[in-house]
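As provided, entry28.txt (compact mmCIF, C-alpha atoms) reads as follows.
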```txt
# COMPACT_ATOMS: atom_id res chain seq x y z
CA MET A 1 -145.52 122.60 70.05
CA SER A 2 -148.69 121.05 68.83
CA ASP A 3 -147.18 117.73 67.87
CA ALA A 4 -145.24 117.56 71.12
CA ALA A 5 -148.42 118.05 73.06
CA ARG A 6 -150.19 115.29 71.21
CA ASP A 7 -148.54 112.49 73.07
CA GLY A 8 -150.04 110.12 75.61
CA SER A 9 -153.60 109.04 75.12
CA SER A 10 -154.22 110.86 71.83
CA GLU A 11 -151.16 109.31 70.20
CA ALA A 12 -152.11 105.93 71.58
CA ARG A 13 -155.53 106.34 70.03
CA ARG A 14 -153.97 107.32 66.71
CA ASP A 15 -151.65 104.32 66.85
CA ALA A 16 -154.66 102.14 67.52
CA ASP A 17 -156.40 103.66 64.46
CA ASP A 18 -153.35 102.97 62.31
CA GLY A 19 -153.10 99.47 63.74
CA LEU A 20 -156.73 98.79 62.87
CA ASP A 21 -156.18 100.02 59.31
CA SER A 22 -153.11 97.77 58.96
CA GLU A 23 -155.06 94.82 60.24
CA LEU A 24 -157.94 95.47 57.83
CA ILE A 25 -155.49 95.82 54.93
CA ALA A 26 -153.84 92.52 55.86
CA ARG A 27 -157.21 90.82 56.07
CA TRP A 28 -158.24 92.16 52.68
CA LYS A 29 -154.96 91.00 51.13
CA SER A 30 -155.56 87.54 52.48
CA GLY A 31 -158.93 87.44 50.73
CA ASP A 32 -161.39 88.90 53.26
CA GLU A 33 -163.45 91.31 51.14
CA ARG A 34 -165.47 92.48 54.16
CA ALA A 35 -162.35 94.23 55.36
CA ALA A 36 -162.65 96.53 52.33
CA SER A 37 -166.14 97.60 53.46
CA ALA A 38 -164.77 98.46 56.88
CA LEU A 39 -161.92 100.52 55.41
CA VAL A 40 -164.26 102.43 53.08
CA ALA A 41 -166.76 103.10 55.88
CA ARG A 42 -163.96 104.42 58.10
CA HIS A 43 -162.47 106.86 55.59
CA ALA A 44 -165.02 107.73 52.91
CA PRO A 45 -166.76 110.53 54.87
CA ALA A 46 -163.44 112.33 55.48
CA LEU A 47 -162.52 112.05 51.81
CA ALA A 48 -165.92 113.42 50.81
CA ARG A 49 -165.53 116.37 53.20
CA PHE A 50 -162.13 117.12 51.76
CA ALA A 51 -163.51 117.01 48.20
CA VAL A 52 -166.39 119.33 49.04
CA ALA A 53 -164.10 121.78 50.80
CA GLN A 54 -161.97 121.93 47.65
CA GLY A 55 -165.00 122.94 45.62
CA GLU A 56 -166.15 119.59 44.27
CA ARG A 57 -169.93 119.42 44.11
CA ASN A 58 -171.38 117.09 41.55
CA GLU A 59 -169.00 114.16 41.44
CA VAL A 60 -167.94 113.73 45.05
CA ASP A 61 -169.05 110.09 45.13
CA GLU A 62 -167.14 109.35 41.97
CA LEU A 63 -164.00 111.04 43.23
CA VAL A 64 -164.07 109.15 46.53
CA GLN A 65 -164.69 105.92 44.65
CA ASP A 66 -161.79 106.58 42.28
CA THR A 67 -159.57 107.31 45.27
CA PHE A 68 -160.35 103.96 46.86
CA VAL A 69 -160.01 102.05 43.59
CA ARG A 70 -156.61 103.55 42.98
CA ALA A 71 -155.55 102.95 46.58
CA PHE A 72 -156.62 99.30 46.58
CA ASN A 73 -154.93 98.70 43.24
CA SER A 74 -151.63 99.91 44.67
CA LEU A 75 -151.88 98.64 48.23
CA ASP A 76 -148.60 96.77 47.66
CA GLY A 77 -146.95 100.16 47.36
CA PHE A 78 -148.31 101.38 50.72
CA ARG A 79 -145.40 101.05 53.14
CA GLY A 80 -147.13 102.48 56.20
CA GLU A 81 -144.74 105.45 56.42
CA SER A 82 -147.80 107.66 56.85
CA SER A 83 -151.22 106.72 58.11
CA PHE A 84 -153.62 105.07 55.67
CA ARG A 85 -155.92 108.09 55.82
CA THR A 86 -153.08 110.50 55.01
CA TRP A 87 -152.16 108.29 52.07
CA LEU A 88 -155.78 108.37 50.85
CA PHE A 89 -155.80 112.18 51.06
CA THR A 90 -152.62 112.25 48.97
CA ILE A 91 -154.25 110.11 46.28
CA GLU A 92 -157.47 112.10 46.32
CA ARG A 93 -155.58 115.36 46.06
CA ARG A 94 -153.71 114.12 42.96
CA LEU A 95 -156.98 113.00 41.39
CA LEU A 96 -158.48 116.42 42.09
CA VAL A 97 -155.54 118.15 40.44
CA ASP A 98 -155.78 115.84 37.41
CA ARG A 99 -159.51 116.45 37.12
CA ARG A 100 -159.08 120.18 37.24
CA ARG A 101 -156.42 120.09 34.58
CA THR A 102 -158.63 117.98 32.33
CA GLU A 103 -161.62 120.17 32.95
CA LYS A 104 -159.59 123.27 32.30
CA ARG A 105 -158.41 121.93 28.96
CA ARG A 106 -161.85 120.70 27.98
CA ARG A 107 -163.69 123.87 28.73
CA ASP A 108 -160.81 126.06 27.68
CA ARG A 109 -161.41 128.39 30.54
CA VAL A 110 -159.32 129.69 33.34
CA GLU A 111 -159.53 128.17 36.76
CA ILE A 112 -161.97 129.77 39.14
CA GLN A 113 -160.51 133.05 40.28
CA GLU A 114 -160.60 133.99 43.91
CA ASP A 115 -163.16 136.74 43.23
CA ASP A 116 -165.43 134.26 41.49
CA ALA A 117 -164.98 131.61 44.13
CA SER A 118 -167.69 133.05 46.32
CA THR A 119 -170.24 131.96 43.71
CA GLU A 120 -168.95 128.40 44.00
CA TYR A 121 -171.26 127.66 46.87
CA ASP A 122 -174.26 129.50 45.51
CA ALA A 123 -175.84 126.32 44.23
CA LEU A 124 -175.84 124.98 47.73
CA ASP A 125 -177.15 128.12 49.29
CA GLY A 126 -180.71 126.90 48.98
CA VAL A 127 -180.05 124.13 51.45
CA VAL A 128 -177.85 126.12 53.75
CA ALA A 129 -179.76 126.74 56.91
CA SER A 130 -178.32 129.95 58.20
CA GLU A 131 -176.75 133.12 56.96
CA THR A 132 -173.80 132.51 59.24
CA GLU A 133 -173.10 129.17 57.66
CA ARG A 134 -173.33 130.63 54.17
CA ARG A 135 -170.83 133.30 55.17
CA MET A 136 -168.48 130.69 56.54
CA ARG A 137 -168.52 128.78 53.29
CA GLN A 138 -167.92 131.93 51.37
CA ALA A 139 -164.99 132.71 53.64
CA MET A 140 -163.50 129.27 53.01
CA SER A 141 -164.03 129.53 49.29
CA ARG A 142 -161.92 132.68 49.17
CA LEU A 143 -158.85 130.90 50.46
CA SER A 144 -156.07 129.92 48.09
CA PRO A 145 -156.12 126.24 47.03
CA THR A 146 -153.26 125.30 49.36
CA GLN A 147 -154.74 127.26 52.27
CA LYS A 148 -158.05 125.52 51.65
CA GLU A 149 -156.41 122.09 51.70
CA VAL A 150 -154.42 122.75 54.85
CA PHE A 151 -157.30 124.47 56.65
CA THR A 152 -159.75 121.66 55.84
CA LEU A 153 -157.40 118.91 56.99
CA ARG A 154 -156.64 120.79 60.21
CA VAL A 155 -160.15 121.98 61.10
CA ALA A 156 -162.39 119.26 59.68
CA GLU A 157 -160.12 116.24 60.21
CA GLY A 158 -157.85 117.33 63.04
CA LEU A 159 -154.68 116.19 61.28
CA SER A 160 -151.34 117.26 62.70
CA TYR A 161 -149.10 119.57 60.69
CA LYS A 162 -146.82 116.63 60.01
CA GLU A 163 -149.68 114.61 58.51
CA ILE A 164 -150.92 117.60 56.55
CA ALA A 165 -147.42 118.19 55.18
CA ALA A 166 -147.27 114.57 54.00
CA ALA A 167 -150.71 114.74 52.37
CA VAL A 168 -150.26 118.10 50.67
CA GLY A 169 -146.58 117.75 49.81
CA THR A 170 -145.14 120.57 51.88
CA THR A 171 -143.27 121.09 55.13
CA GLU A 172 -144.69 121.19 58.64
CA GLY A 173 -143.65 124.80 59.01
CA ALA A 174 -145.29 125.81 55.75
CA ALA A 175 -148.46 123.95 56.72
CA ARG A 176 -148.57 125.85 60.02
CA VAL A 177 -148.15 129.18 58.22
CA HIS A 178 -150.89 128.29 55.71
CA TYR A 179 -153.24 127.35 58.54
CA HIS A 180 -152.75 130.61 60.46
CA ASN A 181 -152.98 132.74 57.31
CA ALA A 182 -156.19 130.94 56.40
CA MET A 183 -157.62 131.48 59.87
CA ARG A 184 -156.78 135.19 59.69
CA ALA A 185 -158.41 135.47 56.24
CA VAL A 186 -161.58 133.72 57.43
CA LYS A 187 -161.84 135.98 60.46
CA GLU A 188 -161.32 139.09 58.36
CA PHE A 189 -164.02 138.03 55.92
CA LEU A 190 -166.48 137.30 58.71
CA ASP A 191 -165.71 140.64 60.37
CA GLU A 192 -166.50 142.62 57.21
CA MET B 193 -162.57 139.05 66.05
CA SER B 194 -159.06 139.53 67.44
CA ASP B 195 -156.26 137.01 67.91
CA CYS B 196 -155.06 135.81 71.29
CA PRO B 197 -151.36 136.63 71.78
CA ASN B 198 -150.76 133.09 73.07
CA ALA B 199 -149.77 131.47 69.76
CA GLU B 200 -149.09 128.09 71.34
CA VAL B 201 -152.62 127.73 72.65
CA ARG B 202 -154.14 129.00 69.41
CA ASP B 203 -152.12 126.36 67.59
CA LEU B 204 -153.62 123.66 69.79
CA LEU B 205 -157.27 124.68 69.42
CA PRO B 206 -158.00 122.33 66.47
CA ASP B 207 -156.45 119.47 68.49
CA LEU B 208 -158.70 120.40 71.42
CA LEU B 209 -161.68 120.39 69.08
CA HIS B 210 -160.83 116.86 67.87
CA ASP B 211 -159.91 115.65 71.35
CA ARG B 212 -156.36 114.84 70.32
CA LEU B 213 -154.52 116.31 73.30
CA ASP B 214 -153.10 114.37 76.21
CA ALA B 215 -154.81 114.95 79.54
CA ARG B 216 -152.25 117.40 80.93
CA THR B 217 -152.10 119.59 77.81
CA ARG B 218 -155.86 119.48 77.45
CA ALA B 219 -156.32 120.73 81.01
CA ARG B 220 -153.80 123.52 80.44
CA VAL B 221 -155.45 124.65 77.19
CA LEU B 222 -158.93 124.48 78.69
CA ALA B 223 -157.79 126.58 81.65
CA HIS B 224 -156.49 129.21 79.23
CA VAL B 225 -159.62 129.14 77.06
CA ASP B 226 -161.84 129.60 80.10
CA GLY B 227 -160.21 132.91 80.82
CA CYS B 228 -159.62 134.09 77.23
CA ALA B 229 -162.49 135.50 75.20
CA ASP B 230 -160.45 135.52 71.96
CA CYS B 231 -159.64 131.80 72.24
CA ARG B 232 -163.24 130.99 73.16
CA SER B 233 -164.55 132.76 70.08
CA GLU B 234 -161.87 131.12 67.87
CA LEU B 235 -162.75 127.70 69.24
CA GLU B 236 -166.41 128.40 68.57
CA LEU B 237 -165.56 129.47 65.03
CA LEU B 238 -163.60 126.24 64.48
CA ARG B 239 -166.56 124.23 65.74
CA SER B 240 -168.93 126.06 63.40
CA LEU B 241 -166.62 125.62 60.40
CA ARG B 242 -166.27 121.93 61.10
CA GLY B 243 -170.05 121.55 61.41
CA SER B 244 -170.59 123.56 58.28
CA LEU B 245 -168.23 121.33 56.28
CA ASP B 246 -169.88 118.26 57.71
CA ARG B 247 -173.39 119.37 56.85
CA GLY B 248 -172.40 120.49 53.37
CA THR B 249 -170.94 117.09 52.47
CA PRO B 250 -173.24 114.60 50.74
CA ARG B 251 -173.39 111.10 52.18
CA VAL B 252 -171.32 108.69 50.16
CA ASP B 253 -172.62 105.28 49.16
CA VAL B 254 -170.16 102.88 50.80
CA ASN B 255 -171.67 99.80 49.13
CA ARG B 256 -171.31 101.28 45.66
CA ILE B 257 -167.66 102.13 46.34
CA VAL B 258 -166.92 98.67 47.72
CA ALA B 259 -168.56 97.06 44.67
CA ALA B 260 -166.18 98.99 42.41
CA LEU B 261 -163.05 97.88 44.27
CA PRO B 262 -160.72 95.27 42.81
CA THR B 263 -160.64 91.84 44.41
CA PRO B 264 -157.54 90.92 46.41
CA ALA B 265 -156.60 88.27 43.82
CA SER B 266 -156.76 90.71 40.92
CA VAL B 267 -154.13 93.06 42.32
CA ARG B 268 -151.50 90.39 43.02
CA PRO B 269 -148.39 90.66 40.88
CA SER B 270 -148.85 88.85 37.57
CA GLN B 271 -146.77 85.87 36.46
CA HIS B 272 -145.05 88.06 33.92
CA ARG B 273 -143.97 90.55 36.58
CA ARG B 274 -142.74 87.77 38.84
CA ALA B 275 -140.75 86.23 35.96
CA TRP B 276 -139.23 89.63 35.24
CA ARG B 277 -138.21 89.95 38.88
CA VAL B 278 -136.44 86.55 38.74
CA LEU B 279 -134.69 87.59 35.53
CA SER B 280 -133.61 90.85 37.15
CA ASP B 281 -132.20 88.94 40.11
CA TRP B 282 -130.06 86.82 37.77
CA ARG B 283 -128.85 89.92 35.99
CA ILE B 284 -127.81 91.50 39.27
CA ALA B 285 -125.97 88.32 40.31
CA ALA B 286 -124.13 88.18 36.96
CA ALA B 287 -123.13 91.83 37.24
CA VAL B 288 -121.78 91.31 40.77
CA THR B 289 -119.78 88.25 39.66
CA PHE B 290 -118.32 90.18 36.75
CA ILE B 291 -117.27 93.09 38.97
CA VAL B 292 -115.68 90.79 41.56
CA ALA B 293 -113.77 88.80 38.91
CA GLY B 294 -112.58 91.96 37.18
CA GLY B 295 -111.50 93.57 40.43
CA THR B 296 -109.61 90.44 41.51
CA SER B 297 -107.72 90.27 38.22
CA VAL B 298 -106.69 93.91 38.55
CA VAL B 299 -105.43 93.31 42.09
CA VAL B 300 -103.49 90.21 41.00
CA MET B 301 -101.93 92.10 38.09
CA ARG B 302 -100.81 94.95 40.34
CA ASP B 303 -99.41 92.52 42.87
CA VAL B 304 -97.42 90.67 40.21
CA ARG B 305 -96.06 93.82 38.63
CA ASP B 306 -95.07 95.36 41.97
CA GLY B 307 -93.90 92.31 43.81
CA GLY B 308 -91.48 90.41 41.64
CA SER B 309 -90.81 88.32 38.62
CA ASP B 310 -93.11 85.44 39.11
CA SER B 311 -93.61 84.77 35.47
CA THR B 312 -96.11 82.02 36.08
CA GLY B 313 -98.29 84.26 38.21
CA ALA B 314 -97.91 87.13 35.77
CA ALA B 315 -98.88 84.91 32.90
CA ALA B 316 -101.91 83.70 34.80
CA ALA B 317 -102.87 87.25 35.70
CA LEU B 318 -102.44 88.34 32.12
CA HIS B 319 -104.63 85.49 31.06
CA VAL B 320 -107.33 86.52 33.52
CA ALA B 321 -107.02 90.16 32.48
CA LYS B 322 -107.25 89.22 28.85
CA ALA B 323 -110.32 87.13 29.52
CA THR B 324 -111.81 90.03 31.45
CA SER B 325 -111.14 92.46 28.63
CA GLU B 326 -112.69 90.08 26.14
CA THR B 327 -115.77 89.76 28.34
CA THR B 328 -115.87 93.52 28.73
CA ALA B 329 -115.75 94.00 25.00
CA ALA B 330 -118.55 91.49 24.58
CA THR B 331 -120.79 93.27 27.07
CA GLY B 332 -119.99 96.72 25.76
CA SER B 333 -118.60 97.91 29.07
CA THR B 334 -115.95 100.60 29.17
CA VAL B 335 -113.80 98.87 31.80
CA ARG B 336 -110.22 98.55 30.57
CA PRO B 337 -107.78 95.84 31.48
CA PRO B 338 -104.58 96.84 33.22
CA ALA B 339 -101.61 97.70 31.01
CA PRO B 340 -99.39 94.72 30.32
CA SER B 341 -95.91 94.71 31.84
CA ALA B 342 -94.28 95.09 28.43
CA THR B 343 -95.56 98.64 28.13
CA THR B 344 -93.34 101.49 29.28
CA PRO B 345 -93.89 102.31 32.94
CA PRO B 346 -93.15 105.77 34.30
CA SER B 347 -89.43 106.19 34.73
CA GLU B 348 -87.82 107.68 37.80
CA THR B 349 -84.42 109.22 38.47
CA ARG B 350 -82.09 107.75 41.07
CA HIS B 351 -78.76 109.11 42.29
CA VAL B 352 -76.30 106.30 42.75
CA THR B 353 -72.73 106.34 43.84
CA PRO B 354 -70.45 104.54 41.43
CA PRO B 355 -67.99 102.04 42.88
CA SER B 356 -64.26 102.48 42.97
CA SER B 357 -62.21 102.20 39.82
CA ALA B 358 -61.33 98.65 40.69
CA GLY B 359 -64.95 97.71 40.75
CA GLN B 360 -66.12 99.88 37.92
CA GLY B 361 -66.28 97.08 35.46
CA SER B 362 -68.38 95.02 37.77
CA ALA B 363 -70.61 97.96 38.54
CA GLN B 364 -71.08 98.64 34.89
CA ALA B 365 -71.96 95.01 34.40
CA VAL B 366 -74.56 95.23 37.14
CA ALA B 367 -75.85 98.61 36.00
CA SER B 368 -76.11 97.36 32.48
CA MET B 369 -78.49 94.73 33.75
CA ASN B 370 -80.85 97.50 34.90
CA GLU B 371 -81.07 98.87 31.40
CA PRO B 372 -84.30 97.96 29.71
CA LYS B 373 -83.75 94.93 27.67
CA ASP B 374 -85.95 92.39 26.14
CA ASP B 375 -83.71 89.65 27.61
CA GLN B 376 -84.56 88.75 31.19
CA ILE B 377 -82.49 86.97 33.84
CA GLY B 378 -84.29 83.79 32.94
CA ASP B 379 -82.79 83.94 29.46
CA LEU B 380 -79.15 83.71 30.67
CA ASN B 381 -77.43 80.37 30.48
CA GLU B 382 -75.58 78.80 33.41
CA ARG B 383 -72.15 80.10 32.39
CA GLN B 384 -73.44 83.67 32.03
CA LEU B 385 -75.10 83.45 35.41
CA LYS B 386 -71.90 82.29 37.09
CA SER B 387 -69.98 85.12 35.46
CA LEU B 388 -72.55 87.60 36.67
CA LEU B 389 -72.42 86.30 40.26
CA LYS B 390 -68.65 86.50 40.20
CA ALA B 391 -68.75 90.11 39.01
CA ILE B 392 -71.12 90.96 41.88
CA GLU B 393 -68.80 89.34 44.43
CA ASN B 394 -65.87 91.39 43.12
CA MET B 395 -67.66 94.68 43.64
CA ASP B 396 -66.26 96.98 46.36
CA ALA B 397 -68.56 97.82 49.21
CA THR B 398 -67.27 101.42 49.54
CA PRO B 399 -65.76 103.75 46.97
CA SER B 400 -62.08 104.79 47.36
CA THR B 401 -62.75 108.41 46.27
CA GLU B 402 -65.68 110.72 46.44
CA PRO B 403 -67.10 110.59 42.94
CA ASP B 404 -69.41 113.01 41.19
CA PRO B 405 -72.93 111.75 41.32
CA VAL B 406 -74.19 110.34 38.09
CA VAL B 407 -77.75 110.03 37.06
CA LEU B 408 -79.04 106.79 35.78
CA ARG B 409 -82.46 106.35 34.30
CA VAL B 410 -83.83 103.03 35.32
CA ARG B 411 -87.15 101.39 34.87
CA SER B 412 -88.76 101.35 38.26
CA ARG B 413 -91.09 98.44 37.43
CA THR B 414 -88.55 96.28 35.66
CA SER B 415 -87.70 93.28 37.73
CA SER B 416 -84.00 92.83 38.39
CA PRO B 417 -82.06 90.12 40.12
CA ASN B 418 -80.30 92.49 42.53
CA GLY B 419 -83.45 94.35 43.54
CA LEU B 420 -82.29 97.82 42.37
```

Take the structure in the file and write it out as structure tokens.
Amino acid sequence: MSDAARDGSSEARRDADDGLDSELIARWKSGDERAASALVARHAPALARFAVAQGERNEVDELVQDTFVRAFNSLDGFRGESSFRTWLFTIERRLLVDRRRTEKRRRDRVEIQEDDASTEYDALDGVVASETERRMRQAMSRLSPTQKEVFTLRVAEGLSYKEIAAAVGTTEGAARVHYHNAMRAVKEFLDE
Amino acid sequence: MSDCPNAEVRDLLPDLLHDRLDARTRARVLAHVDGCADCRSELELLRSLRGSLDRGTPRVDVNRIVAALPTPASVRPSQHRRAWRVLSDWRIAAAVTFIVAGGTSVVVMRDVRDGGSDSTGAAAALHVAKATSETTAATGSTVRPPAPSATTPPSETRHVTPPSSAGQGSAQAVASMNEPKDDQIGDLNERQLKSLLKAIENMDATPSTEPDPVVLRVRSRTSSPNGL
């Protein structure tokens, strides 16, 4: 349904975005280092949003930087089967998982439980302008990790279910289910 | 906050928010949203969530990230990797050649064993097969050469009608040639060959009485001059 409706001008715009990324990658490969600046400027904010939505707070810059370093080191392996941005999300997601594993081992503590997750945003609460916004963040923090990933990519980045499935490593159908379950959970929390 | 029963439109709300719908679908969704309070509130919630995520994300330092990136030259494949690729190509070519040569020798061997008594061809095929087996042994492969013609092939039973009594001697002479022997037709001298041809000419075409069928065990793969 959704993907079928995204034809015409929106798909043309997406193709143009992918085309621009391909062109910038080709320019960088041929030695134009300014093309790297353009690629980072285009995608870094989205990667940072994704990291924050997954609970990263202190080392967002570092995570985004590591994602780009890894991506540029393996650009030969990028075949263009997905968009460049989707590929970056895939890399960032793997880095996040690795970091959490390392952190878990180092601190010898269990991963943040769903009940504790609401405190995840407390450090930011001081800068949060409104009560509504704080509640929204709390609602998001209560989602399961996969729901959080899917919901962020759909709401904050506007990715299609197909792109989300490629980034998160699931199916389109499962991504759709995760999105709607997440939306229901957020609504229920806000209605409490 | 309740859900609109129109699941299709609800599914498209994030695409509407990011302006990723084609003009016709966008108009249809907007028309629905205008008249649906549930979809309006869900769209508003999506907009707030997006804004909230945006505002809660620190600004990343693009220049610092770019400074940490590798240079295009540093990520090119190294000489060592390229040399390894060339070596791999040669290995693939050698493997293909080996498979083709082995397969050809097997086909030639089968052809020679099935088709006749071309001893020259058989000898050549055996030579190729032997060479193949030696190469196989050297490379540690488990491919086996075809069995040589001297080994015992599967026997089969044939019902033949013996000739009349007048021709029995000749028939026996011919049948005896089908028995497995180490001597081949090529080993007979000229006089023996003439005698054999004469015996064949003296054979009766049809038997004078209806005989009991006898069973002869013959080697199906043994080449014989009369083609039995």

List every residue of chain B that has an atom at most 8 Å from any atom of chain A, and for each one report the closest atom pair and its distance in Å to one decimal, counting all atoms listed in the file, with rows sorted by chain and then by increasing residue number, as JSON lines.
```
{"residue": "B:Met193", "atom": "CA", "partner": "A:Lys187", "partner_atom": "CA", "distance": 6.4}
{"residue": "B:Glu200", "atom": "CA", "partner": "A:Met1", "partner_atom": "CA", "distance": 6.7}
{"residue": "B:Asp203", "atom": "CA", "partner": "A:Ser2", "partner_atom": "CA", "distance": 6.4}
{"residue": "B:Leu204", "atom": "CA", "partner": "A:Ser2", "partner_atom": "CA", "distance": 5.7}
{"residue": "B:Pro206", "atom": "CA", "partner": "A:Val155", "partner_atom": "CA", "distance": 5.8}
{"residue": "B:Asp207", "atom": "CA", "partner": "A:Gly158", "partner_atom": "CA", "distance": 6.0}
{"residue": "B:Leu209", "atom": "CA", "partner": "A:Gly158", "partner_atom": "CA", "distance": 7.8}
{"residue": "B:His210", "atom": "CA", "partner": "A:Gly158", "partner_atom": "CA", "distance": 5.7}
{"residue": "B:Asp211", "atom": "CA", "partner": "A:Ser10", "partner_atom": "CA", "distance": 7.5}
{"residue": "B:Arg212", "atom": "CA", "partner": "A:Ser10", "partner_atom": "CA", "distance": 4.8}
{"residue": "B:Leu213", "atom": "CA", "partner": "A:Arg6", "partner_atom": "CA", "distance": 4.9}
{"residue": "B:Asp214", "atom": "CA", "partner": "A:Gly8", "partner_atom": "CA", "distance": 5.3}
{"residue": "B:Ala215", "atom": "CA", "partner": "A:Ser9", "partner_atom": "CA", "distance": 7.5}
{"residue": "B:Thr217", "atom": "CA", "partner": "A:Ala5", "partner_atom": "CA", "distance": 6.2}
{"residue": "B:Leu238", "atom": "CA", "partner": "A:Val155", "partner_atom": "CA", "distance": 6.4}
{"residue": "B:Ser240", "atom": "CA", "partner": "A:Glu133", "partner_atom": "CA", "distance": 7.7}
{"residue": "B:Leu241", "atom": "CA", "partner": "A:Met136", "partner_atom": "CA", "distance": 6.6}
{"residue": "B:Arg242", "atom": "CA", "partner": "A:Ala156", "partner_atom": "CA", "distance": 4.9}
{"residue": "B:Ser244", "atom": "CA", "partner": "A:Glu133", "partner_atom": "CA", "distance": 6.2}
{"residue": "B:Leu245", "atom": "CA", "partner": "A:Arg49", "partner_atom": "CA", "distance": 6.4}
{"residue": "B:Asp246", "atom": "CA", "partner": "A:Arg49", "partner_atom": "CA", "distance": 6.5}
{"residue": "B:Gly248", "atom": "CA", "partner": "A:Val52", "partner_atom": "CA", "distance": 7.5}
{"residue": "B:Thr249", "atom": "CA", "partner": "A:Arg49", "partner_atom": "CA", "distance": 5.5}
{"residue": "B:Pro250", "atom": "CA", "partner": "A:Ala48", "partner_atom": "CA", "distance": 7.4}
{"residue": "B:Arg251", "atom": "CA", "partner": "A:Pro45", "partner_atom": "CA", "distance": 7.2}
{"residue": "B:Val252", "atom": "CA", "partner": "A:Asp61", "partner_atom": "CA", "distance": 5.7}
{"residue": "B:Asp253", "atom": "CA", "partner": "A:Asp61", "partner_atom": "CA", "distance": 7.2}
{"residue": "B:Val254", "atom": "CA", "partner": "A:Ala41", "partner_atom": "CA", "distance": 6.1}
{"residue": "B:Asn255", "atom": "CA", "partner": "A:Ser37", "partner_atom": "CA", "distance": 7.4}
{"residue": "B:Ile257", "atom": "CA", "partner": "A:Gln65", "partner_atom": "CA", "distance": 5.1}
{"residue": "B:Val258", "atom": "CA", "partner": "A:Ser37", "partner_atom": "CA", "distance": 5.9}
{"residue": "B:Ala260", "atom": "CA", "partner": "A:Val69", "partner_atom": "CA", "distance": 7.0}
{"residue": "B:Leu261", "atom": "CA", "partner": "A:Val69", "partner_atom": "CA", "distance": 5.2}
{"residue": "B:Pro262", "atom": "CA", "partner": "A:Asn73", "partner_atom": "CA", "distance": 6.7}
{"residue": "B:Thr263", "atom": "CA", "partner": "A:Glu33", "partner_atom": "CA", "distance": 7.3}
{"residue": "B:Pro264", "atom": "CA", "partner": "A:Lys29", "partner_atom": "CA", "distance": 5.4}
{"residue": "B:Ala265", "atom": "CA", "partner": "A:Gly31", "partner_atom": "CA", "distance": 7.3}
{"residue": "B:Val267", "atom": "CA", "partner": "A:Asn73", "partner_atom": "CA", "distance": 5.8}
```

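For the atom pair formed by atom CA of A:Thr86 and atom CA of B:Val221, the distance is 26.4 Å, given to one decimal.
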
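With distances restricted to all atoms listed in the file, A:Arg100 is the closest residue to A:Gly55 from A:Thr170, A:Ile164, A:Arg135, A:Arg100.
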
| said: Quick check, in Å to one decimal: how far apart do atom CA of B:Glu393 and atom CA of B:Asn381 lie? | reply: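 Taking atom CA of B:Glu393 and atom CA of B:Asn381, their separation equals 18.7 Å.
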
| Just how far from atom CA of A:Val150 is atom CA of A:Ala182, in Å to one decimal? |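 A separation of 8.5 Å between them.
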
| task | Determine the nearest neighbour of A:Glu59 from the options A:Arg99, A:Lys104, A:Arg94, A:Lys148, counting all atoms listed in the file. | result |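 With all atoms listed in the file as the atom set, the closest residue is A:Arg99.
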
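Proximity to B:Ser194 was assessed for B:Leu222, B:Leu208, B:Cys231, B:Val298 counting only C-alpha atoms; the smallest distance is recorded for B:Cys231.
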